[in-house]
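Engineer: What follows is coords-v5.csv, made up of CSV, C-alpha atoms:
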```csv
chain,number,residue,atom,x,y,z
A,19,MET,CA,13.8,6.3,-17.5
A,20,ALA,CA,10.3,5.0,-18.2
A,21,LEU,CA,7.4,7.1,-17.0
A,22,ALA,CA,5.3,5.7,-14.2
A,23,HIS,CA,2.1,4.4,-15.7
A,24,ILE,CA,-1.2,5.3,-13.9
A,25,LEU,CA,-4.5,3.5,-14.6
A,26,ILE,CA,-7.6,5.6,-13.8
A,27,VAL,CA,-10.7,3.6,-13.2
A,28,GLU,CA,-13.5,6.2,-13.0
A,29,ASP,CA,-16.9,6.2,-14.6
A,30,ASP,CA,-17.6,9.9,-14.3
A,31,ALA,CA,-16.1,11.6,-17.4
A,32,GLU,CA,-16.2,15.0,-15.8
A,33,ILE,CA,-13.7,13.7,-13.2
A,34,ARG,CA,-11.8,11.1,-15.4
A,35,ASP,CA,-10.9,13.3,-18.4
A,36,PRO,CA,-9.5,16.4,-16.5
A,37,LEU,CA,-7.6,14.0,-14.2
A,38,GLU,CA,-6.1,12.2,-17.1
A,39,ARG,CA,-5.0,15.5,-18.7
A,40,PHE,CA,-3.5,16.8,-15.4
A,41,LEU,CA,-1.4,13.7,-14.8
A,42,LYS,CA,-0.1,13.6,-18.3
A,43,THR,CA,0.8,17.3,-18.0
A,44,ASN,CA,2.8,16.4,-14.8
A,45,GLY,CA,4.9,13.7,-16.4
A,46,LEU,CA,2.9,10.5,-15.8
A,47,ALA,CA,1.9,8.0,-18.4
A,48,THR,CA,-1.9,7.6,-18.0
A,49,THR,CA,-4.6,5.3,-19.2
A,50,ALA,CA,-8.2,6.1,-18.3
A,51,ILE,CA,-11.2,3.7,-18.4
A,52,ALA,CA,-14.7,3.7,-17.0
A,53,SER,CA,-15.2,0.2,-15.5
A,54,ALA,CA,-13.6,-2.6,-13.6
A,55,GLU,CA,-14.3,-5.0,-16.4
A,56,ASP,CA,-12.1,-2.9,-18.8
A,57,ALA,CA,-9.3,-2.9,-16.2
A,58,ALA,CA,-8.5,-6.6,-16.8
A,59,ALA,CA,-7.5,-6.1,-20.4
A,60,VAL,CA,-5.3,-3.0,-19.6
A,61,LEU,CA,-3.6,-4.7,-16.7
A,62,ALA,CA,-2.9,-7.8,-18.8
A,63,GLY,CA,-1.6,-5.7,-21.7
A,64,GLY,CA,1.1,-3.7,-20.0
A,65,GLN,CA,2.9,-2.6,-16.9
A,66,ILE,CA,0.7,-0.5,-14.6
A,67,ASP,CA,2.4,1.0,-11.6
A,68,LEU,CA,-0.6,2.5,-9.7
A,69,VAL,CA,-4.4,2.4,-10.0
A,70,LEU,CA,-6.6,5.3,-9.1
A,71,LEU,CA,-9.7,3.4,-8.3
A,72,ASP,CA,-13.3,4.8,-7.9
A,73,LEU,CA,-15.4,2.7,-5.5
A,74,MET,CA,-18.8,3.4,-7.1
A,75,LEU,CA,-18.4,1.8,-10.5
A,76,PRO,CA,-21.0,0.2,-12.8
A,77,GLY,CA,-20.9,-3.6,-12.7
A,78,GLU,CA,-18.1,-4.8,-10.5
A,79,ASP,CA,-17.4,-2.2,-7.9
A,80,GLY,CA,-14.1,-0.8,-6.9
A,81,LEU,CA,-13.9,-2.7,-3.6
A,82,ALA,CA,-14.1,-6.0,-5.5
A,83,LEU,CA,-11.4,-5.0,-7.9
A,84,CYS,CA,-9.2,-3.8,-5.1
A,85,ARG,CA,-9.6,-7.2,-3.4
A,86,ARG,CA,-8.6,-9.0,-6.6
A,87,LEU,CA,-5.6,-6.8,-7.3
A,88,SER,CA,-4.3,-7.1,-3.7
A,89,ALA,CA,-4.7,-10.9,-3.7
A,90,ALA,CA,-2.7,-11.1,-6.9
A,91,ASN,CA,0.0,-8.7,-5.5
A,92,GLY,CA,-1.0,-6.3,-8.2
A,93,PRO,CA,-0.1,-2.6,-8.6
A,94,ARG,CA,-0.4,0.0,-5.9
A,95,ILE,CA,-3.9,1.3,-5.3
A,96,ILE,CA,-5.3,4.8,-4.3
A,97,MET,CA,-9.0,4.8,-3.8
A,98,LEU,CA,-11.0,7.8,-5.0
A,99,THR,CA,-14.5,8.0,-3.6
A,100,ALA,CA,-17.3,10.2,-2.4
A,101,LEU,CA,-17.7,7.9,0.6
A,102,SER,CA,-16.0,9.8,3.4
A,103,GLU,CA,-17.1,7.9,6.6
A,104,PRO,CA,-14.2,6.4,8.7
A,105,THR,CA,-15.8,3.0,8.2
A,106,ASP,CA,-15.5,3.3,4.4
A,107,ARG,CA,-11.8,4.2,4.7
A,108,VAL,CA,-11.2,1.3,7.0
A,109,VAL,CA,-12.8,-1.1,4.6
A,110,GLY,CA,-10.7,0.2,1.7
A,111,LEU,CA,-7.5,-0.1,3.8
A,112,GLU,CA,-8.4,-3.6,5.0
A,113,LEU,CA,-8.8,-4.7,1.4
A,114,GLY,CA,-5.3,-3.6,0.5
A,115,ALA,CA,-5.5,0.0,-0.7
A,116,ASP,CA,-2.3,2.0,-0.3
A,117,ASP,CA,-4.1,5.3,0.2
A,118,TYR,CA,-7.6,6.8,0.2
A,119,ILE,CA,-8.7,10.2,-0.9
A,120,CYS,CA,-12.2,11.6,-0.8
A,121,LYS,CA,-14.0,13.5,-3.5
A,122,PRO,CA,-13.9,16.4,-4.3
A,123,PHE,CA,-10.1,16.4,-4.1
A,124,ASP,CA,-7.4,18.9,-5.0
A,125,LEU,CA,-5.4,17.7,-8.0
A,126,ARG,CA,-2.1,18.9,-6.5
A,127,GLU,CA,-2.8,16.9,-3.3
A,128,LEU,CA,-3.6,13.8,-5.3
A,129,LEU,CA,-0.4,14.2,-7.4
A,130,ALA,CA,1.6,14.5,-4.1
A,131,ARG,CA,0.0,11.3,-2.8
A,132,ILE,CA,0.6,9.5,-6.1
A,133,ARG,CA,4.3,10.4,-6.0
A,134,ALA,CA,4.6,9.4,-2.3
A,135,VAL,CA,3.1,5.9,-3.1
A,136,LEU,CA,5.3,5.5,-6.2
A,137,ARG,CA,8.4,6.3,-4.1
A,138,ARG,CA,7.9,3.1,-2.1
A,139,PRO,CA,10.3,0.2,-2.8
A,140,PHE,CA,8.2,-1.9,-5.2
A,141,PRO,CA,9.8,-2.3,-8.6
A,142,ALA,CA,7.7,-2.9,-11.6
A,143,GLN,CA,7.8,-6.2,-13.4
A,144,GLY,CA,10.2,-6.5,-16.2
A,145,ARG,CA,12.4,-3.6,-15.0
A,146,PRO,CA,16.0,-4.3,-13.9
A,147,ARG,CA,16.4,-5.0,-10.2
A,148,GLN,CA,19.3,-4.4,-8.0
A,149,ALA,CA,20.5,-7.2,-5.7
A,150,GLU,CA,17.5,-8.1,-3.6
A,151,ALA,CA,17.6,-7.5,0.1
A,152,VAL,CA,16.2,-10.1,2.5
A,153,TYR,CA,15.3,-9.7,6.2
A,154,ARG,CA,15.1,-12.8,8.4
A,155,PHE,CA,13.3,-12.9,11.8
A,156,SER,CA,11.5,-15.5,13.9
A,157,GLY,CA,11.8,-18.0,11.1
A,158,PHE,CA,10.3,-15.7,8.5
A,159,ALA,CA,12.1,-14.4,5.4
A,160,PHE,CA,11.0,-11.0,3.9
A,161,PHE,CA,11.9,-9.9,0.4
A,162,PRO,CA,10.7,-6.2,0.3
A,163,GLN,CA,11.3,-5.5,-3.3
A,164,ARG,CA,8.8,-8.3,-4.3
A,165,ARG,CA,6.5,-7.8,-1.3
A,166,PHE,CA,7.3,-11.5,-0.6
A,167,LEU,CA,7.1,-13.0,2.9
A,168,ARG,CA,7.9,-16.6,3.5
A,169,SER,CA,6.6,-18.2,6.7
A,170,PRO,CA,8.7,-20.5,8.9
A,171,ALA,CA,6.8,-23.4,7.3
A,172,GLY,CA,8.0,-22.2,3.8
A,173,LEU,CA,4.6,-20.9,2.7
A,174,ARG,CA,4.1,-17.6,1.0
A,175,VAL,CA,2.2,-15.0,3.1
A,176,PRO,CA,0.5,-12.5,0.8
A,177,LEU,CA,1.2,-8.8,1.6
A,178,THR,CA,-0.4,-5.6,0.3
A,179,GLY,CA,1.8,-2.7,-0.6
A,180,ALA,CA,1.0,-0.9,2.6
A,181,GLU,CA,1.7,-4.0,4.7
A,182,ALA,CA,5.0,-4.6,3.0
A,183,ASP,CA,6.0,-0.9,3.6
A,184,LEU,CA,5.1,-1.3,7.3
A,185,LEU,CA,7.0,-4.5,7.7
A,186,LEU,CA,10.1,-3.0,6.0
A,187,ALA,CA,10.0,-0.1,8.4
A,188,PHE,CA,9.9,-2.5,11.4
A,189,CYS,CA,12.7,-4.7,9.9
A,190,GLN,CA,14.9,-1.6,9.4
A,191,HIS,CA,14.3,-0.4,13.0
A,192,PRO,CA,13.9,-3.5,15.2
A,193,ARG,CA,13.7,-3.3,18.9
A,194,LYS,CA,13.0,0.4,18.9
A,195,VAL,CA,9.8,2.1,20.0
A,196,LEU,CA,8.3,3.6,16.8
A,197,SER,CA,5.5,6.1,17.3
A,198,ARG,CA,2.6,6.2,14.9
A,199,ASP,CA,3.8,9.5,13.4
A,200,THR,CA,7.2,7.9,12.9
A,201,LEU,CA,5.7,4.9,11.1
A,202,ILE,CA,3.7,7.3,8.9
A,203,ASN,CA,6.9,9.2,8.0
A,204,LEU,CA,8.9,5.9,7.3
A,205,THR,CA,6.2,4.4,5.1
A,206,ARG,CA,4.5,7.4,3.5
A,207,GLY,CA,7.1,10.2,3.7
A,208,GLU,CA,7.6,13.4,5.8
A,209,GLY,CA,4.5,15.5,6.1
A,210,PHE,CA,2.1,13.0,4.6
A,211,ALA,CA,-1.4,13.6,6.0
A,212,ILE,CA,-3.0,10.3,7.2
A,213,ALA,CA,-5.0,9.4,10.3
A,214,VAL,CA,-2.9,7.6,12.9
A,215,ARG,CA,-5.8,5.2,13.2
A,216,SER,CA,-4.7,3.9,9.8
A,217,VAL,CA,-1.4,2.8,11.3
A,218,ASP,CA,-3.3,0.7,14.0
A,219,ILE,CA,-5.3,-0.9,11.2
A,220,LEU,CA,-2.2,-1.9,9.3
A,221,VAL,CA,-0.5,-3.2,12.4
A,222,SER,CA,-3.5,-5.3,13.2
A,223,ARG,CA,-3.5,-6.7,9.7
A,224,LEU,CA,0.2,-7.4,9.8
A,225,ARG,CA,0.0,-9.1,13.1
A,226,ARG,CA,-2.6,-11.5,11.7
A,227,LYS,CA,-0.3,-12.4,8.8
A,228,LEU,CA,2.6,-13.0,11.2
A,229,ALA,CA,0.5,-15.3,13.4
A,230,ASN,CA,2.7,-18.4,13.9
A,231,ASP,CA,1.8,-20.5,16.9
A,232,ASP,CA,0.4,-17.5,18.6
A,233,LEU,CA,3.7,-15.5,18.4
A,234,ALA,CA,2.3,-12.5,16.5
A,235,ALA,CA,1.7,-10.5,19.7
A,236,GLU,CA,5.3,-11.1,20.7
A,237,ILE,CA,6.6,-10.0,17.2
A,238,ILE,CA,4.9,-6.6,17.3
A,239,ARG,CA,4.4,-5.3,20.8
A,240,THR,CA,2.1,-2.3,21.6
A,241,VAL,CA,3.7,0.3,23.9
A,242,ARG,CA,0.8,2.1,25.5
A,243,SER,CA,0.5,5.7,24.3
A,244,ASP,CA,3.9,5.5,22.5
A,245,GLY,CA,3.6,3.2,19.5
A,246,TYR,CA,5.0,-0.2,18.6
A,247,VAL,CA,8.1,-2.3,18.9
A,248,PHE,CA,9.2,-4.9,16.4
A,249,GLN,CA,10.7,-7.3,18.9
A,250,PRO,CA,12.6,-10.1,17.0
A,251,ARG,CA,16.3,-10.0,16.2
A,252,VAL,CA,16.4,-9.1,12.5
A,253,LEU,CA,19.2,-10.4,10.2
A,254,ALA,CA,19.6,-8.3,7.1
A,255,GLU,CA,21.3,-9.9,4.0
```
Once you've parsed the file, please lay out its structure as C-alpha cells.

Structural biologist:
Amino acid sequence: MALAHILIVEDDAEIRDPLERFLKTNGLATTAIASAEDAAAVLAGGQIDLVLLDLMLPGEDGLALCRRLSAANGPRIIMLTALSEPTDRVVGLELGADDYICKPFDLRELLARIRAVLRRPFPAQGRPRQAEAVYRFSGFAFFPQRRFLRSPAGLRVPLTGAEADLLLAFCQHPRKVLSRDTLINLTRGEGFAIAVRSVDILVSRLRRKLANDDLAAEIIRTVRSDGYVFQPRVLAE
C-alpha cells in the first residue's frame, strides 16, 4: 500500500525540518517547501494527500493558497498558524481547511489529526476505486468519494473536504436529530477535539451550497439546543 503523501508548506526551517523528520519516522511520505509558489510545482508533479499549510508565508499567503486548493477540489488541508483568535480559525474553515492547529503544537497531537483527516473517504487520484456510492435527495446527487455534488439543475456544486464529510454524515443518518458532538464523531472520529462552533460554521456553509429555490433551510433543520436534522428522504445507490 502506498504511503500517504504529506506536503508541508512552512517557511520557518526550525519548524519545517523537525516536522518533516517526525512524519517520515511515523510512516508518512513527506515533502517540505517554504512558500506557496513552490507548492504549485509539487502539486502538479505528484499525488499529495494532505497539505500542512502555514498561514504566514512570504509572497502568497496560506489563506490564498487554501482558497485556490479548495476551489480546485485539491487535497485535504490542515492549517498551522500562530494566529489563535476564533475569528482566524473561522476564516480558515470558511476557506475550506479541514482542520486548524495553533503553534506551538504537540507533534503527537498533529499526527493524530493528520491520521483522522486521512481516514475520511476521499480517495487519491490514480488509485483504484471501489464501486462509487451515490446518495440522491431533493433532486441532488452526491458522490462522496469524489466530493462531487450535482444540483437539481445538473450543475456541479463545489464542496470542500469538511463539507463533503458533513453531507455524508447527514445522508447516512437522514431524518434523525444529530447533536454537534455526534456530527464531530461521525466526521472527525471519536474523541477528536474541535469546537462545536466549527460544526455550526460547516452547517451554515453547506446550507448555502444546498440553496435551491430557498429550500436549504428545509433540507437541514436546526433543532434548538439539540443539533440538526437532515430532512429529505435519501436514496442510497

Engineer: Using all atoms listed in the file, collect all residues at a distance of at most 12 Å from (-13.7, -3.6, -16.4) as written in the file, then present them as a short mmCIF file (atom, residue, chain, number, x, y, z; two decimals) with C-alpha atoms, keeping the file's coordinate frame.

Structural biologist:
```cif
data_model
loop_
_atom_site.label_atom_id
_atom_site.label_comp_id
_atom_site.auth_asym_id
_atom_site.auth_seq_id
_atom_site.Cartn_x
_atom_site.Cartn_y
_atom_site.Cartn_z
CA LEU A 25 -4.50 3.50 -14.60
CA ILE A 26 -7.60 5.60 -13.80
CA VAL A 27 -10.70 3.60 -13.20
CA GLU A 28 -13.50 6.20 -13.00
CA ASP A 29 -16.90 6.20 -14.60
CA ALA A 50 -8.20 6.10 -18.30
CA ILE A 51 -11.20 3.70 -18.40
CA ALA A 52 -14.70 3.70 -17.00
CA SER A 53 -15.20 0.20 -15.50
CA ALA A 54 -13.60 -2.60 -13.60
CA GLU A 55 -14.30 -5.00 -16.40
CA ASP A 56 -12.10 -2.90 -18.80
CA ALA A 57 -9.30 -2.90 -16.20
CA ALA A 58 -8.50 -6.60 -16.80
CA ALA A 59 -7.50 -6.10 -20.40
CA VAL A 60 -5.30 -3.00 -19.60
CA LEU A 61 -3.60 -4.70 -16.70
CA ALA A 62 -2.90 -7.80 -18.80
CA LEU A 71 -9.70 3.40 -8.30
CA ASP A 72 -13.30 4.80 -7.90
CA LEU A 75 -18.40 1.80 -10.50
CA PRO A 76 -21.00 0.20 -12.80
CA GLY A 77 -20.90 -3.60 -12.70
CA GLU A 78 -18.10 -4.80 -10.50
CA ASP A 79 -17.40 -2.20 -7.90
CA GLY A 80 -14.10 -0.80 -6.90
CA ALA A 82 -14.10 -6.00 -5.50
CA LEU A 83 -11.40 -5.00 -7.90
#
```

Engineer: Between A:Asn44, A:Ser243, A:Thr49, A:Ser88, which has the minimum distance to A:Pro176 (counting all atoms listed in the file)?

Structural biologist: A:Ser88

Engineer: Quote the spacing between atom CA of A:Ala47 and atom CA of A:Pro162 in Å to one decimal place.

Structural biologist: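 Separation between atom CA of A:Ala47 and atom CA of A:Pro162: 25.1 Å.
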
Engineer: Looking at A:Val175, A:Thr240, A:Asp30, A:His191, which one is nearest to A:Arg226, with distances taken over all atoms listed in the file?

Structural biologist: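 Answer, going by the shortest atom-to-atom distance: A:Val175.
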
Engineer: Just want the 8 Å neighbourhood of A:Leu98, counted on all atoms listed in the file, with same-chain residues fewer than 4 positions away dropped. Output as a JSON list (two decimals) with C-alpha atoms, keeping the file's coordinate frame.

Structural biologist:
```json
[["chain", "number", "residue", "atom", "x", "y", "z"],
["A", 70, "LEU", "CA", -6.60, 5.30, -9.10],
["A", 71, "LEU", "CA", -9.70, 3.40, -8.30],
["A", 72, "ASP", "CA", -13.30, 4.80, -7.90],
["A", 73, "LEU", "CA", -15.40, 2.70, -5.50],
["A", 118, "TYR", "CA", -7.60, 6.80, 0.20],
["A", 119, "ILE", "CA", -8.70, 10.20, -0.90],
["A", 120, "CYS", "CA", -12.20, 11.60, -0.80],
["A", 121, "LYS", "CA", -14.00, 13.50, -3.50]]
```

Engineer: Rounded to one decimal in Å, what is the spacing between atom CA of A:Ala182 and atom CA of A:Thr99?

Structural biologist: 24.1 Å

Engineer: Got a sec: who's within 8 Å of A:Arg251, counting all atoms listed in the file, leaving out chain neighbours fewer than 6 positions off, as a PyMOL selection string?

Structural biologist: chain A and resi 155-156+192-193

Engineer: Between A:Leu204, A:Ala130, A:Ala159, A:Ala171, which one has atoms that come closest to A:Val252, using all atoms listed in the file?

Structural biologist: A:Ala159

Engineer: Mind pulling up the distance from atom CA of A:Glu181 to atom CA of A:Leu220?

Structural biologist: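 For atom CA of A:Leu220 relative to atom CA of A:Glu181, the distance reads 6.4 Å.
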
Engineer: Determine, counting all atoms listed in the file, which protein, DNA and RNA residues have an atom within 12 Å of an atom of A:Pro250; residues of the same chain fewer than 6 positions away are not included. Present the result as a list in words.

Structural biologist: Tyr153, Arg154, Phe155, Ser156, Gly157, Phe158, Phe188, Cys189, Gln190, His191, Pro192, Arg193, Lys194, Leu228, Leu233, Ala234, Ala235, Glu236, Ile237, Ile238 and Arg239 of chain A

Engineer: Please work out which residues fall within 12 Å of (-1.6, -3.5, -2.0), coordinates as given in the file, with only C-alpha atoms counting, and return them as a PyMOL selection string.

Structural biologist: chain A and resi 67-69+83-97+110-117+135+138+140+164-165+176-184+220

Engineer: Any idea what's packed within 12 Å of A:Phe40, counting all atoms listed in the file, ignoring anything in its chain fewer than 4 positions away? Could you give it as a ChimeraX atom specification?

Structural biologist: /A:24,33-36,44-48,124-126,128-129

Engineer: Nearest residue to A:Ala151 out of A:Arg223, A:Ala134, A:Ala254, A:Arg242, using all atoms listed in the file?

Structural biologist: A:Ala254

Engineer: Let me make sure I understand: among A:Val247, A:Ser169, A:Arg137, A:Glu38, which one has the smallest atom-to-atom distance to A:Thr200 if we use all atoms listed in the file?

Structural biologist: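 Ranked by minimum distance to A:Thr200, first place goes to A:Val247.
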